[in-house]
Amino acid sequence: MIQQFLGLREVHNYIADAEVHLVKKLGVPLCIPNCGMCCEHDCITIYSIEASLVLSYAMGDGKLKIIEMCREWLLEPHRGVETYTGVPYGVVSGQLKHEWSLLSQSKCPMLTQDKQCFIHDMRPIVCRMYGVTRCAGPNCPRPVGKGESFNSRGYMGGDAADFLEDELNKYFGKMRVEHPDYTKIGFLPTMIFRQAREKEFRELIAERKIASAKLVGTDTTTQILFEKYALAAENILSG
C-alpha cells in the first residue's frame with residue numbers, strides 16, 4: 001500500500017502547487033483560520049484509499065480518537081434520516097436518496113469545536129481542491145483578492161486545471177484496475193470506520209443501528225472537483 005499512498009501524496013502535492021500559484025496571483029489566502037464554514041454544511045464522500053491514508057496518519061500522530069468520532073457519527077440520529085434497513089443495493093432513489101442528500105449537507109464530524117479540521121494534514125482531495133479548482137461558496141468570508149469581488153471568485157482553470165484532472169484520472173484509473181477495493185466511495189466517517197473496525201462495522205449494520213443512507217456507496221468522478229463541471233454536479237446531487 002505504500003506505493004499507492006505515495007501516488008496519492010503526489011496528487012496532493014500537485015494540488016498544493018496549484019494553491020500556491022493561485023494565492024500568489026490573488027494576493028490573499030484561500031482560507032482563514034478557525035472558520036469551518038464549508039465544513040459546517042458538507043459531509044464529504046471519499047475513496048477507501050483516502051480513508052486508509054487518514055487512518056495511517058492518525059495512528060502515527062496519536063489521533064486514534066478519530067475512530068470513535070466516526071463511530072459516533074454512524075450511530076447518531078440525524079434529523080430526517082429514518083431508514084434503517086441495512087445496506088442499500090441497486091439504484092438509490094426516493095426517500096433514501098433524499099436522506100443521503102440531507103447527510104451530504106450536514107456537518108463534517110472532523111470539524112472540531114474550535115473550528116479546525118481534525119485531519120487537516122491528510123484531508124481528502126475534495127477538501128484540498130475546494131476554493132482552488134472550484135469556487136468557494138458565496139458566503140465564504142475569505143478576503144477578496146486582486147480582480148475579484150464577493151460575487152466573482154478566482155479559481156484555477158485552463159491548462160493547470162486540465163493537468164490536475166488528467167493526473168487524478170490517471171491515478172484513480174490505475175487504481176480501479178489494479179486495486180478496485182481502494183476506489184470504493186462513501187461518506188468519510190463511514191469509510192474510515194469500515195477500514196478501522198470492519199467486524200464491528202458489519203455487526204452494527206446487522207443490528208440495524210446504522211442508517212441505510214450512511215451506507216450508500218456513491219459513484220462519482222473527478223468532475224465534481226472542477227468549476228467547469230459545477231452546475232452539472234449540482235444538478236446530479238439535487239435531482
# chains A, B, ... in the order shown; residues from 1 in each chain; ligands from 1
>>> residues_around(residues="Glu50 of chain A", least_positions_apart="2", cutoff="9 Å", atoms="only C-alpha atoms", output="MDAnalysis selection string")
chainID A and resid 5 8 46:48 52:55 122:125 182:183 188 191:192
>>> write_last_selection(atoms="N, CA and C atoms", output="tab-separated table (two decimals), in the first residue's frame")
chain	number	residue	atom	x	y	z
A	5	PHE	N	-0.05	4.99	-1.48
A	5	PHE	CA	-0.01	6.20	-0.66
A	5	PHE	C	0.88	7.26	-1.29
A	8	LEU	N	-0.86	8.90	-4.13
A	8	LEU	CA	-1.88	9.83	-3.66
A	8	LEU	C	-1.25	11.10	-3.14
A	46	ILE	N	-15.49	10.07	0.20
A	46	ILE	CA	-14.07	9.85	-0.11
A	46	ILE	C	-13.86	8.43	-0.63
A	47	TYR	N	-12.69	8.22	-1.22
A	47	TYR	CA	-12.27	6.90	-1.66
A	47	TYR	C	-11.70	6.11	-0.48
A	48	SER	N	-11.77	4.79	-0.54
A	48	SER	CA	-11.26	3.97	0.56
A	48	SER	C	-9.75	4.13	0.73
A	52	SER	N	-7.78	4.97	4.22
A	52	SER	CA	-6.60	4.25	4.72
A	52	SER	C	-5.47	5.21	5.03
A	53	LEU	N	-5.28	6.21	4.18
A	53	LEU	CA	-4.22	7.19	4.41
A	53	LEU	C	-4.51	8.00	5.67
A	54	VAL	N	-5.75	8.42	5.85
A	54	VAL	CA	-6.14	9.17	7.04
A	54	VAL	C	-5.88	8.34	8.30
A	55	LEU	N	-6.26	7.07	8.26
A	55	LEU	CA	-6.05	6.18	9.42
A	55	LEU	C	-4.57	6.00	9.71
A	122	MET	N	-3.95	15.39	6.39
A	122	MET	CA	-4.25	14.30	5.47
A	122	MET	C	-5.69	14.39	4.95
A	123	ARG	N	-6.19	15.60	4.86
A	123	ARG	CA	-7.56	15.80	4.38
A	123	ARG	C	-7.71	15.27	2.96
A	124	PRO	N	-8.90	14.81	2.60
A	124	PRO	CA	-9.14	14.23	1.28
A	124	PRO	C	-9.02	15.24	0.14
A	125	ILE	N	-8.97	14.73	-1.06
A	125	ILE	CA	-8.80	15.54	-2.27
A	125	ILE	C	-9.89	16.58	-2.42
A	182	TYR	N	-9.71	-0.22	-3.33
A	182	TYR	CA	-9.23	1.08	-2.85
A	182	TYR	C	-10.02	2.24	-3.44
A	183	THR	N	-10.86	1.98	-4.43
A	183	THR	CA	-11.60	3.07	-5.07
A	183	THR	C	-13.09	3.04	-4.72
A	188	LEU	N	-17.16	10.02	4.44
A	188	LEU	CA	-15.85	9.97	5.12
A	188	LEU	C	-15.88	9.14	6.42
A	191	MET	N	-16.36	5.33	5.68
A	191	MET	CA	-15.21	4.67	5.10
A	191	MET	C	-14.08	4.48	6.12
A	192	ILE	N	-13.88	5.47	6.96
A	192	ILE	CA	-12.82	5.37	7.97
A	192	ILE	C	-13.14	4.29	8.99
>>> residues_around(residues="segment 197-210 of chain A", least_positions_apart="4", cutoff="9 Å", atoms="only C-alpha atoms", output="list in words")
Ile67, Arg71, Leu74, Leu75, Glu76, Pro77, Tyr84, Thr85, Gly86, Val87, Thr190, Ile192, Phe193, Lys214 and Leu215 of chain A
>>> closest_atom_pairs(of="segment 37-138 of chain A", to="segment 157-171 of chain A", cutoff="9 Å", atoms="only C-alpha atoms", output="CSV")
residue,atom,partner,partner_atom,distance
A:Val132,CA,A:Gly157,CA,8.8
A:Thr133,CA,A:Gly157,CA,6.4
A:Arg134,CA,A:Gly157,CA,8.9
>>> write_last_selection(atoms="C-alpha atoms", output="compact mmCIF listing (two decimals), in the first residue's frame")
# COMPACT_ATOMS: atom_id res chain seq x y z
CA VAL A 132 -8.67 26.05 -5.76
CA THR A 133 -10.34 24.46 -8.80
CA ARG A 134 -13.89 25.00 -7.51
>>> atom_distance(atom1="atom CA of Met69 of chain A", atom2="atom CA of Ile119 of chain A")
11.6 Å
>>> select_by_dssp(residues="chain A", states="helix (DSSP H, G or I)", output="MDAnalysis selection string")
chainID A and resid 2:26 37:40 48:60 65:75 94:104 120:122 125:129 158:178 180:183 188:196 198:206 212:215 222:225 227:238
>>> residues_around(residues="Asp121 of chain A", least_positions_apart="5", cutoff="12 Å", atoms="only C-alpha atoms", output="PyMOL selection string")
chain A and resi 9+12-13+16+53-58+61+116+127-128
>>> write_last_selection(atoms="C-alpha atoms", output="PDB file, in the first residue's frame")
ATOM      1  CA  ARG A   9       0.534  12.152  -1.907  1.00  0.00           C
ATOM      2  CA  HIS A  12      -1.799  16.177  -3.095  1.00  0.00           C
ATOM      3  CA  ASN A  13       1.444  17.950  -3.979  1.00  0.00           C
ATOM      4  CA  ALA A  16      -0.761  22.270  -3.222  1.00  0.00           C
ATOM      5  CA  LEU A  53      -4.223   7.191   4.410  1.00  0.00           C
ATOM      6  CA  VAL A  54      -6.137   9.170   7.045  1.00  0.00           C
ATOM      7  CA  LEU A  55      -6.049   6.183   9.416  1.00  0.00           C
ATOM      8  CA  SER A  56      -2.340   5.649   8.843  1.00  0.00           C
ATOM      9  CA  TYR A  57      -1.678   9.300   9.641  1.00  0.00           C
ATOM     10  CA  ALA A  58      -3.967   9.271  12.686  1.00  0.00           C
ATOM     11  CA  ASP A  61       0.134  11.019  15.162  1.00  0.00           C
ATOM     12  CA  GLN A 116     -10.384  23.284  12.980  1.00  0.00           C
ATOM     13  CA  CYS A 127     -11.286  19.338   0.607  1.00  0.00           C
ATOM     14  CA  ARG A 128      -7.938  20.277  -0.922  1.00  0.00           C
TER      15      ARG A 128
END
>>> atom_distance(atom1="atom CA of Lys63 of chain A", atom2="atom CA of Gln195 of chain A")
15.3 Å
>>> residues_around(residues="Trp100 of chain A", least_positions_apart="6", cutoff="8 Å", atoms="only C-alpha atoms", output="number ranges by chain")
A: 81, 213-214, 216
>>> write_last_selection(atoms="N, CA and C atoms", output="short mmCIF file (atom, residue, chain, number, x, y, z; two decimals), in the first residue's frame")
data_model
loop_
_atom_site.label_atom_id
_atom_site.label_comp_id
_atom_site.auth_asym_id
_atom_site.auth_seq_id
_atom_site.Cartn_x
_atom_site.Cartn_y
_atom_site.Cartn_z
N VAL A 81 -33.37 11.48 8.69
CA VAL A 81 -32.74 10.24 8.23
C VAL A 81 -33.31 9.09 9.06
N ALA A 213 -28.80 5.27 4.62
CA ALA A 213 -28.23 6.33 3.78
C ALA A 213 -26.74 6.53 4.05
N LYS A 214 -26.31 6.17 5.26
CA LYS A 214 -24.90 6.32 5.61
C LYS A 214 -24.06 5.21 4.99
N VAL A 216 -24.61 4.17 1.74
CA VAL A 216 -24.69 4.28 0.28
C VAL A 216 -23.30 4.44 -0.31
#
